[in-house]
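Asks: Below is a structure I'd like to ask you about.
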2 protein chains.
Amino acid sequence: MSGPIHVAFCAGRTGPWRIDRLQAVAGPALPSAPALEVVEGGTRPSQTGAAWTLRGVTSFARYTRESEQAALAAVQPPLGRPAATRAALIPVSKSGAWWDLPQDRRRALFEERSRHIATGLGYLPAIARRLYHGREAGETFDFLTWFEFAPEHAARFEELVAILRSTVEWSYVEREVDIRLSRDEA
Amino acid sequence: MSGPIHVAFCAGRTGPWRIDRLQAVAGPALPSAPALEVVEGGTRPSQTGAAWTLRGVTSFARYTRESEQAALAAVQPPLGRPAATRAALIPVSKSGAWWDLPQDRRRALFEERSRHIATGLGYLPAIARRLYHGREAGETFDFLTWFEFAPEHAARFEELVAILRSTVEWSYVEREVDIRLSRDEA
């Protein structure tokens with residue numbers, strides 16, 4: 001891993017990704033918009049007057065152990081695969097009760113009880129994924145997860161999302177928006 | 001714990017804390033200045049044209065386990081005790097090699113090998129302490145630690161700092177500045 005990657009997800013009138021669906025899962029939704037631009041680094045978005053902009057930054061692994069990191073690294077695909085014309089952006093915030101837990105209790109809820117890493121591993125390399133953090137920078141959402149996959153893996157992605165939402169870890173999620181996107185093949 | 005506390009340490013011509021010493025321990029120093037103001041929340045510093053401003057935010061515990069958190073909570077004093085007229089501000093950044101390690105390896109280096117929590121516990125309640133994070137917000141330093149203690153505990157504070165700097169954890173520190181301060185009794 002090199003340095004942190006800063007991202008801005010800018011929803012508005014134009015952008016390479018079409019927003020096909022935007023639903024509130026917990027807490028308030030976000031305003032609807034037809035398109036999304038994903039801007040990395042300090043680059044300025046090409047449009048002004050975005051409906052909304054969500055910002056985040058990649059960071060170190062909070063829970064992943066050495067053996068898990070090695071297993072993930074072996075099968076983790078890059079973003080931007082030409083056939084990956086479907087995407088999801090899922091902004092999530094967890095409750096104060098979650099953040100007040102000591103590290104070992106959060107790890108146990110995250111993995112030993114909820115199998116977050118093990119479950120995600122089962123969907124690799126079909127579902128590419130990158131996690132951005134927003135909490136420490138005072139952003140609206142604690143996390144922004146960006147997923148990319150080919151249309152033939154759409155059903156598997158629904159399964160992954162449903163499994164994660166049924167876990168005890170997810171009982172600490174107090175806000176979640178589910179945004180689905182598509183683009184033309186590159 | 002309530003919500004995150006945002007802080008700005010503003011060094012300049014005026015402020016309640018006198019800067020008695022400012023030394024680079026690793027990497028470049030910071031410009032010298034006679035005084036420091038500690039500004040919490042969104043409040044604006046009372047002076048303009050600060051020599052430097054360092055920002056950070058309190059956050060969740062990255063390594064502390066339940067038993068350790070309980071032990072700390074039992075003896076941890078608040079900031080602002082009237083007799084605590086000595087302080088230290090120690091900004092630190094760790095290397096990319098540290099941040100790339102999986103969570104279990106960082107925890108083992110931090111506590112099982114370096115005894116960071118156990119050592120600090122031995123100096124409570126004499127040495128009050130608050131840790132602020134800057135890395136995820138793109139600040140210059142990964143961490144800002146603020147310590148407060150009475151003059152009669154100054155020698156114990158030197159001991160604590162020397163022990164921590166001798167640990168294997170500290171071999172991952174690539175920049176560190178040591179700033180010592182004092183104020184009149186409140």
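Each chain of the structure tokens is named A, B, ... in the order shown, its residues numbered from 1; ligands are numbered from 1 in display order.
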Output as CSV one row per residue of chain A within 9 Å of chain B: the closest atom pair and its distance in Å to one decimal place, counting only C-alpha atoms, sorted by chain and residue number ascending.

Replies:
```
residue,atom,partner,partner_atom,distance
A:Met1,CA,B:Asp100,CA,6.6
A:Ser2,CA,B:Gly96,CA,7.7
A:Gly3,CA,B:Gly96,CA,7.6
A:Pro4,CA,B:Glu136,CA,8.3
A:Gly56,CA,B:Glu136,CA,8.8
A:Val57,CA,B:Glu136,CA,6.8
A:Thr58,CA,B:Glu136,CA,8.1
A:Ser59,CA,B:Glu136,CA,6.9
A:Phe60,CA,B:Trp99,CA,5.6
A:Ala61,CA,B:Gln103,CA,6.3
A:Arg62,CA,B:Gln103,CA,6.0
A:Tyr63,CA,B:Gln103,CA,5.5
A:Thr64,CA,B:Gln103,CA,5.6
A:Arg65,CA,B:Asp104,CA,5.1
A:Glu66,CA,B:Pro102,CA,5.2
A:Ser67,CA,B:Pro102,CA,8.8
A:Glu68,CA,B:Pro102,CA,8.6
A:Gln69,CA,B:Pro102,CA,6.7
A:Gly96,CA,B:Gly3,CA,7.7
A:Trp99,CA,B:Phe60,CA,5.6
A:Asp100,CA,B:Phe60,CA,6.5
A:Leu101,CA,B:Glu66,CA,7.8
A:Pro102,CA,B:Arg65,CA,5.2
A:Gln103,CA,B:Arg65,CA,5.4
A:Asp104,CA,B:Arg65,CA,5.1
A:Arg105,CA,B:Glu66,CA,7.0
A:His133,CA,B:Glu136,CA,7.6
A:Gly134,CA,B:Glu136,CA,7.9
A:Arg135,CA,B:Glu136,CA,8.5
A:Glu136,CA,B:Glu136,CA,6.0
A:Ala137,CA,B:Ala137,CA,4.6
A:Gly138,CA,B:Ala137,CA,8.3
```

Asks: Return chain B as a PDB file with C-alpha atoms, in the first residue's frame, after superposing it on chain A by a least-squares fit that covers all C-alpha atoms paired in order.

Replies:
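Dumped to part.pdb:
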```pdb
ATOM      1  CA  MET B   1       0.032  -0.027   0.082  1.00  0.00           C
ATOM      2  CA  SER B   2       1.238   3.446  -0.853  1.00  0.00           C
ATOM      3  CA  GLY B   3      -0.098   6.646   0.767  1.00  0.00           C
ATOM      4  CA  PRO B   4      -3.732   7.377   1.597  1.00  0.00           C
ATOM      5  CA  ILE B   5      -6.119   7.869  -1.346  1.00  0.00           C
ATOM      6  CA  HIS B   6      -8.524  10.772  -0.921  1.00  0.00           C
ATOM      7  CA  VAL B   7     -11.813  10.506  -2.776  1.00  0.00           C
ATOM      8  CA  ALA B   8     -14.846  12.674  -3.466  1.00  0.00           C
ATOM      9  CA  PHE B   9     -18.056  11.082  -4.740  1.00  0.00           C
ATOM     10  CA  CYS B  10     -19.910  13.902  -6.520  1.00  0.00           C
ATOM     11  CA  ALA B  11     -23.529  13.333  -7.522  1.00  0.00           C
ATOM     12  CA  GLY B  12     -25.031  15.672 -10.086  1.00  0.00           C
ATOM     13  CA  ARG B  13     -26.194  16.076 -13.648  1.00  0.00           C
ATOM     14  CA  THR B  14     -23.162  14.471 -15.329  1.00  0.00           C
ATOM     15  CA  GLY B  15     -20.547  11.813 -14.639  1.00  0.00           C
ATOM     16  CA  PRO B  16     -19.382   8.450 -15.950  1.00  0.00           C
ATOM     17  CA  TRP B  17     -21.650   6.478 -13.591  1.00  0.00           C
ATOM     18  CA  ARG B  18     -25.452   6.506 -13.896  1.00  0.00           C
ATOM     19  CA  ILE B  19     -27.253   6.389 -10.556  1.00  0.00           C
ATOM     20  CA  ASP B  20     -29.866   3.658 -11.075  1.00  0.00           C
ATOM     21  CA  ARG B  21     -31.232   3.594  -7.528  1.00  0.00           C
ATOM     22  CA  LEU B  22     -30.710   5.440  -4.261  1.00  0.00           C
ATOM     23  CA  GLN B  23     -32.394   4.117  -1.110  1.00  0.00           C
ATOM     24  CA  ALA B  24     -32.182   4.879   2.583  1.00  0.00           C
ATOM     25  CA  VAL B  25     -31.585   1.678   4.547  1.00  0.00           C
ATOM     26  CA  ALA B  26     -31.336   3.377   7.956  1.00  0.00           C
ATOM     27  CA  GLY B  27     -31.750   7.075   8.739  1.00  0.00           C
ATOM     28  CA  PRO B  28     -32.286   9.784   6.116  1.00  0.00           C
ATOM     29  CA  ALA B  29     -31.558   9.267   2.386  1.00  0.00           C
ATOM     30  CA  LEU B  30     -29.504  11.575   0.176  1.00  0.00           C
ATOM     31  CA  PRO B  31     -30.996  13.795  -2.551  1.00  0.00           C
ATOM     32  CA  SER B  32     -31.520  11.977  -5.823  1.00  0.00           C
ATOM     33  CA  ALA B  33     -29.359  12.770  -8.861  1.00  0.00           C
ATOM     34  CA  PRO B  34     -28.868  11.178 -12.280  1.00  0.00           C
ATOM     35  CA  ALA B  35     -25.074  10.683 -12.321  1.00  0.00           C
ATOM     36  CA  LEU B  36     -21.943  10.287 -10.212  1.00  0.00           C
ATOM     37  CA  GLU B  37     -18.349  11.315 -10.690  1.00  0.00           C
ATOM     38  CA  VAL B  38     -15.616   9.663  -8.607  1.00  0.00           C
ATOM     39  CA  VAL B  39     -12.760  12.115  -8.061  1.00  0.00           C
ATOM     40  CA  GLU B  40      -9.496  10.860  -6.562  1.00  0.00           C
ATOM     41  CA  GLY B  41      -6.716  12.912  -5.030  1.00  0.00           C
ATOM     42  CA  GLY B  42      -7.045  16.657  -4.920  1.00  0.00           C
ATOM     43  CA  THR B  43      -8.532  16.864  -8.428  1.00  0.00           C
ATOM     44  CA  ARG B  44     -11.508  19.174  -8.801  1.00  0.00           C
ATOM     45  CA  PRO B  45     -14.783  17.649  -9.970  1.00  0.00           C
ATOM     46  CA  SER B  46     -15.620  18.591 -13.548  1.00  0.00           C
ATOM     47  CA  GLN B  47     -19.093  19.844 -12.591  1.00  0.00           C
ATOM     48  CA  THR B  48     -20.129  22.532 -10.199  1.00  0.00           C
ATOM     49  CA  GLY B  49     -23.323  22.576  -8.148  1.00  0.00           C
ATOM     50  CA  ALA B  50     -23.265  18.902  -7.151  1.00  0.00           C
ATOM     51  CA  ALA B  51     -26.455  17.502  -5.552  1.00  0.00           C
ATOM     52  CA  TRP B  52     -24.167  16.055  -2.880  1.00  0.00           C
ATOM     53  CA  THR B  53     -20.493  15.257  -2.347  1.00  0.00           C
ATOM     54  CA  LEU B  54     -19.246  12.569   0.001  1.00  0.00           C
ATOM     55  CA  ARG B  55     -15.563  12.501   0.946  1.00  0.00           C
ATOM     56  CA  GLY B  56     -13.328   9.840   2.473  1.00  0.00           C
ATOM     57  CA  VAL B  57      -9.793   8.541   2.635  1.00  0.00           C
ATOM     58  CA  THR B  58      -8.261   5.071   2.591  1.00  0.00           C
ATOM     59  CA  SER B  59      -6.601   4.161   5.864  1.00  0.00           C
ATOM     60  CA  PHE B  60      -4.921   1.365   7.763  1.00  0.00           C
ATOM     61  CA  ALA B  61      -6.772  -1.863   8.584  1.00  0.00           C
ATOM     62  CA  ARG B  62      -8.663  -1.569  11.856  1.00  0.00           C
ATOM     63  CA  TYR B  63      -9.386  -5.285  12.431  1.00  0.00           C
ATOM     64  CA  THR B  64      -7.653  -7.402   9.769  1.00  0.00           C
ATOM     65  CA  ARG B  65      -5.077  -9.884  11.079  1.00  0.00           C
ATOM     66  CA  GLU B  66      -1.944 -10.990   9.262  1.00  0.00           C
ATOM     67  CA  SER B  67      -3.411 -14.275   7.944  1.00  0.00           C
ATOM     68  CA  GLU B  68      -6.585 -12.494   6.825  1.00  0.00           C
ATOM     69  CA  GLN B  69      -4.623  -9.724   5.127  1.00  0.00           C
ATOM     70  CA  ALA B  70      -2.598 -12.327   3.195  1.00  0.00           C
ATOM     71  CA  ALA B  71      -5.764 -14.201   2.175  1.00  0.00           C
ATOM     72  CA  LEU B  72      -7.377 -10.966   0.955  1.00  0.00           C
ATOM     73  CA  ALA B  73      -4.256  -9.776  -0.890  1.00  0.00           C
ATOM     74  CA  ALA B  74      -4.104 -13.070  -2.811  1.00  0.00           C
ATOM     75  CA  VAL B  75      -7.532 -12.625  -4.434  1.00  0.00           C
ATOM     76  CA  GLN B  76      -8.347  -8.910  -4.235  1.00  0.00           C
ATOM     77  CA  PRO B  77      -8.923  -7.442  -7.708  1.00  0.00           C
ATOM     78  CA  PRO B  78      -8.173  -3.823  -8.663  1.00  0.00           C
ATOM     79  CA  LEU B  79     -10.891  -1.254  -9.313  1.00  0.00           C
ATOM     80  CA  GLY B  80     -11.581  -0.240 -12.907  1.00  0.00           C
ATOM     81  CA  ARG B  81     -11.839  -3.666 -14.563  1.00  0.00           C
ATOM     82  CA  PRO B  82     -13.436  -3.094 -18.002  1.00  0.00           C
ATOM     83  CA  ALA B  83     -16.173  -5.713 -17.429  1.00  0.00           C
ATOM     84  CA  ALA B  84     -17.107  -4.255 -14.023  1.00  0.00           C
ATOM     85  CA  THR B  85     -19.921  -2.013 -15.272  1.00  0.00           C
ATOM     86  CA  ARG B  86     -22.016  -2.234 -12.107  1.00  0.00           C
ATOM     87  CA  ALA B  87     -21.134  -0.463  -8.873  1.00  0.00           C
ATOM     88  CA  ALA B  88     -22.527   0.278  -5.445  1.00  0.00           C
ATOM     89  CA  LEU B  89     -21.680   3.097  -3.067  1.00  0.00           C
ATOM     90  CA  ILE B  90     -22.767   2.345   0.485  1.00  0.00           C
ATOM     91  CA  PRO B  91     -22.207   5.143   3.026  1.00  0.00           C
ATOM     92  CA  VAL B  92     -22.559   3.934   6.621  1.00  0.00           C
ATOM     93  CA  SER B  93     -22.303   5.439  10.097  1.00  0.00           C
ATOM     94  CA  LYS B  94     -22.153   3.420  13.283  1.00  0.00           C
ATOM     95  CA  SER B  95     -23.528   4.421  16.677  1.00  0.00           C
ATOM     96  CA  GLY B  96     -21.654   5.980  19.567  1.00  0.00           C
ATOM     97  CA  ALA B  97     -22.109   2.666  21.401  1.00  0.00           C
ATOM     98  CA  TRP B  98     -19.958   0.986  18.719  1.00  0.00           C
ATOM     99  CA  TRP B  99     -17.172   3.560  18.889  1.00  0.00           C
ATOM    100  CA  ASP B 100     -17.071   3.443  22.684  1.00  0.00           C
ATOM    101  CA  LEU B 101     -16.377  -0.307  22.698  1.00  0.00           C
ATOM    102  CA  PRO B 102     -12.800  -1.424  23.376  1.00  0.00           C
ATOM    103  CA  GLN B 103     -10.855  -2.792  20.416  1.00  0.00           C
ATOM    104  CA  ASP B 104     -11.186  -6.480  21.354  1.00  0.00           C
ATOM    105  CA  ARG B 105     -14.985  -6.216  21.671  1.00  0.00           C
ATOM    106  CA  ARG B 106     -15.273  -4.468  18.279  1.00  0.00           C
ATOM    107  CA  ARG B 107     -13.019  -7.091  16.671  1.00  0.00           C
ATOM    108  CA  ALA B 108     -15.117  -9.927  18.183  1.00  0.00           C
ATOM    109  CA  LEU B 109     -18.368  -8.382  16.934  1.00  0.00           C
ATOM    110  CA  PHE B 110     -16.862  -7.633  13.517  1.00  0.00           C
ATOM    111  CA  GLU B 111     -15.266 -10.971  12.778  1.00  0.00           C
ATOM    112  CA  GLU B 112     -15.734 -13.744  15.353  1.00  0.00           C
ATOM    113  CA  ARG B 113     -19.508 -13.059  15.577  1.00  0.00           C
ATOM    114  CA  SER B 114     -20.308 -11.374  12.241  1.00  0.00           C
ATOM    115  CA  ARG B 115     -17.681 -12.945   9.924  1.00  0.00           C
ATOM    116  CA  HIS B 116     -17.270  -9.686   8.047  1.00  0.00           C
ATOM    117  CA  ILE B 117     -13.831 -10.504   6.582  1.00  0.00           C
ATOM    118  CA  ALA B 118     -14.531 -14.207   5.974  1.00  0.00           C
ATOM    119  CA  THR B 119     -17.829 -13.451   4.228  1.00  0.00           C
ATOM    120  CA  GLY B 120     -16.319 -10.784   1.975  1.00  0.00           C
ATOM    121  CA  LEU B 121     -13.472 -13.137   1.070  1.00  0.00           C
ATOM    122  CA  GLY B 122     -15.979 -15.594  -0.382  1.00  0.00           C
ATOM    123  CA  TYR B 123     -17.082 -12.998  -2.940  1.00  0.00           C
ATOM    124  CA  LEU B 124     -13.579 -12.180  -4.184  1.00  0.00           C
ATOM    125  CA  PRO B 125     -12.428 -11.676  -6.884  1.00  0.00           C
ATOM    126  CA  ALA B 126     -15.930 -11.172  -8.348  1.00  0.00           C
ATOM    127  CA  ILE B 127     -16.738  -8.141  -6.177  1.00  0.00           C
ATOM    128  CA  ALA B 128     -13.955  -5.516  -6.078  1.00  0.00           C
ATOM    129  CA  ARG B 129     -14.136  -3.232  -3.085  1.00  0.00           C
ATOM    130  CA  ARG B 130     -12.465  -0.206  -1.522  1.00  0.00           C
ATOM    131  CA  LEU B 131     -13.194   1.246   1.913  1.00  0.00           C
ATOM    132  CA  TYR B 132     -12.850   4.952   2.647  1.00  0.00           C
ATOM    133  CA  HIS B 133     -12.991   6.483   6.150  1.00  0.00           C
ATOM    134  CA  GLY B 134     -14.727   9.760   7.005  1.00  0.00           C
ATOM    135  CA  ARG B 135     -15.245   9.771  10.762  1.00  0.00           C
ATOM    136  CA  GLU B 136     -11.923  11.266  11.868  1.00  0.00           C
ATOM    137  CA  ALA B 137     -12.181  14.006   9.240  1.00  0.00           C
ATOM    138  CA  GLY B 138     -15.620  15.013  10.547  1.00  0.00           C
ATOM    139  CA  GLU B 139     -17.454  13.853   7.399  1.00  0.00           C
ATOM    140  CA  THR B 140     -21.162  12.951   7.418  1.00  0.00           C
ATOM    141  CA  PHE B 141     -20.522   9.199   7.169  1.00  0.00           C
ATOM    142  CA  ASP B 142     -18.035   7.071   9.111  1.00  0.00           C
ATOM    143  CA  PHE B 143     -17.411   4.849   6.061  1.00  0.00           C
ATOM    144  CA  LEU B 144     -17.947   4.911   2.313  1.00  0.00           C
ATOM    145  CA  THR B 145     -17.593   1.528   0.629  1.00  0.00           C
ATOM    146  CA  TRP B 146     -17.332   1.390  -3.134  1.00  0.00           C
ATOM    147  CA  PHE B 147     -18.000  -1.951  -4.892  1.00  0.00           C
ATOM    148  CA  GLU B 148     -17.500  -2.847  -8.583  1.00  0.00           C
ATOM    149  CA  PHE B 149     -18.636  -5.996 -10.376  1.00  0.00           C
ATOM    150  CA  ALA B 150     -19.758  -7.378 -13.726  1.00  0.00           C
ATOM    151  CA  PRO B 151     -23.530  -7.636 -14.428  1.00  0.00           C
ATOM    152  CA  GLU B 152     -23.379 -11.455 -14.125  1.00  0.00           C
ATOM    153  CA  HIS B 153     -22.313 -11.073 -10.477  1.00  0.00           C
ATOM    154  CA  ALA B 154     -25.166  -8.755  -9.513  1.00  0.00           C
ATOM    155  CA  ALA B 155     -27.104 -11.531  -7.741  1.00  0.00           C
ATOM    156  CA  ARG B 156     -24.029 -12.535  -5.749  1.00  0.00           C
ATOM    157  CA  PHE B 157     -23.608  -8.911  -4.701  1.00  0.00           C
ATOM    158  CA  GLU B 158     -27.199  -8.817  -3.395  1.00  0.00           C
ATOM    159  CA  GLU B 159     -26.428 -11.946  -1.394  1.00  0.00           C
ATOM    160  CA  LEU B 160     -23.276 -10.394   0.123  1.00  0.00           C
ATOM    161  CA  VAL B 161     -25.137  -7.241   1.159  1.00  0.00           C
ATOM    162  CA  ALA B 162     -28.007  -9.249   2.652  1.00  0.00           C
ATOM    163  CA  ILE B 163     -25.644 -11.427   4.692  1.00  0.00           C
ATOM    164  CA  LEU B 164     -23.754  -8.438   6.090  1.00  0.00           C
ATOM    165  CA  ARG B 165     -26.982  -6.608   6.975  1.00  0.00           C
ATOM    166  CA  SER B 166     -28.173  -9.620   8.969  1.00  0.00           C
ATOM    167  CA  THR B 167     -25.128  -9.637  11.273  1.00  0.00           C
ATOM    168  CA  VAL B 168     -24.871  -8.427  14.859  1.00  0.00           C
ATOM    169  CA  GLU B 169     -22.249  -5.921  13.652  1.00  0.00           C
ATOM    170  CA  TRP B 170     -24.980  -4.266  11.558  1.00  0.00           C
ATOM    171  CA  SER B 171     -27.125  -3.670  14.649  1.00  0.00           C
ATOM    172  CA  TYR B 172     -24.641  -0.849  15.375  1.00  0.00           C
ATOM    173  CA  VAL B 173     -25.304   0.828  12.000  1.00  0.00           C
ATOM    174  CA  GLU B 174     -27.402   3.922  12.595  1.00  0.00           C
ATOM    175  CA  ARG B 175     -27.328   5.424   9.105  1.00  0.00           C
ATOM    176  CA  GLU B 176     -26.954   3.648   5.773  1.00  0.00           C
ATOM    177  CA  VAL B 177     -27.734   4.644   2.193  1.00  0.00           C
ATOM    178  CA  ASP B 178     -27.566   2.148  -0.693  1.00  0.00           C
ATOM    179  CA  ILE B 179     -26.685   3.661  -4.069  1.00  0.00           C
ATOM    180  CA  ARG B 180     -26.531   1.441  -7.167  1.00  0.00           C
ATOM    181  CA  LEU B 181     -24.815   2.508 -10.363  1.00  0.00           C
ATOM    182  CA  SER B 182     -23.922   1.373 -13.863  1.00  0.00           C
ATOM    183  CA  ARG B 183     -21.731   2.545 -16.718  1.00  0.00           C
ATOM    184  CA  ASP B 184     -21.050   1.569 -20.291  1.00  0.00           C
ATOM    185  CA  GLU B 185     -18.242  -0.943 -20.843  1.00  0.00           C
ATOM    186  CA  ALA B 186     -14.880   0.841 -21.072  1.00  0.00           C
TER     187      ALA B 186
END
```

Asks: So which bits of region 108-138 of chain A end up strand (DSSP E) when you DSSP the backbone, as a list of chain:residue names?

Replies: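 Answer for region 108-138 of chain A, restricted to strand (DSSP E): A:Ala128, A:Arg129, A:Arg130, A:Leu131, A:Tyr132, A:His133.
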
Asks: Using DSSP secondary structure from the backbone, list all helix (DSSP H, G or I) positions within region 86-149 of chain A, as a PyMOL selection string.

Replies: chain A and resi 96-100+103-113+116-121+135-137
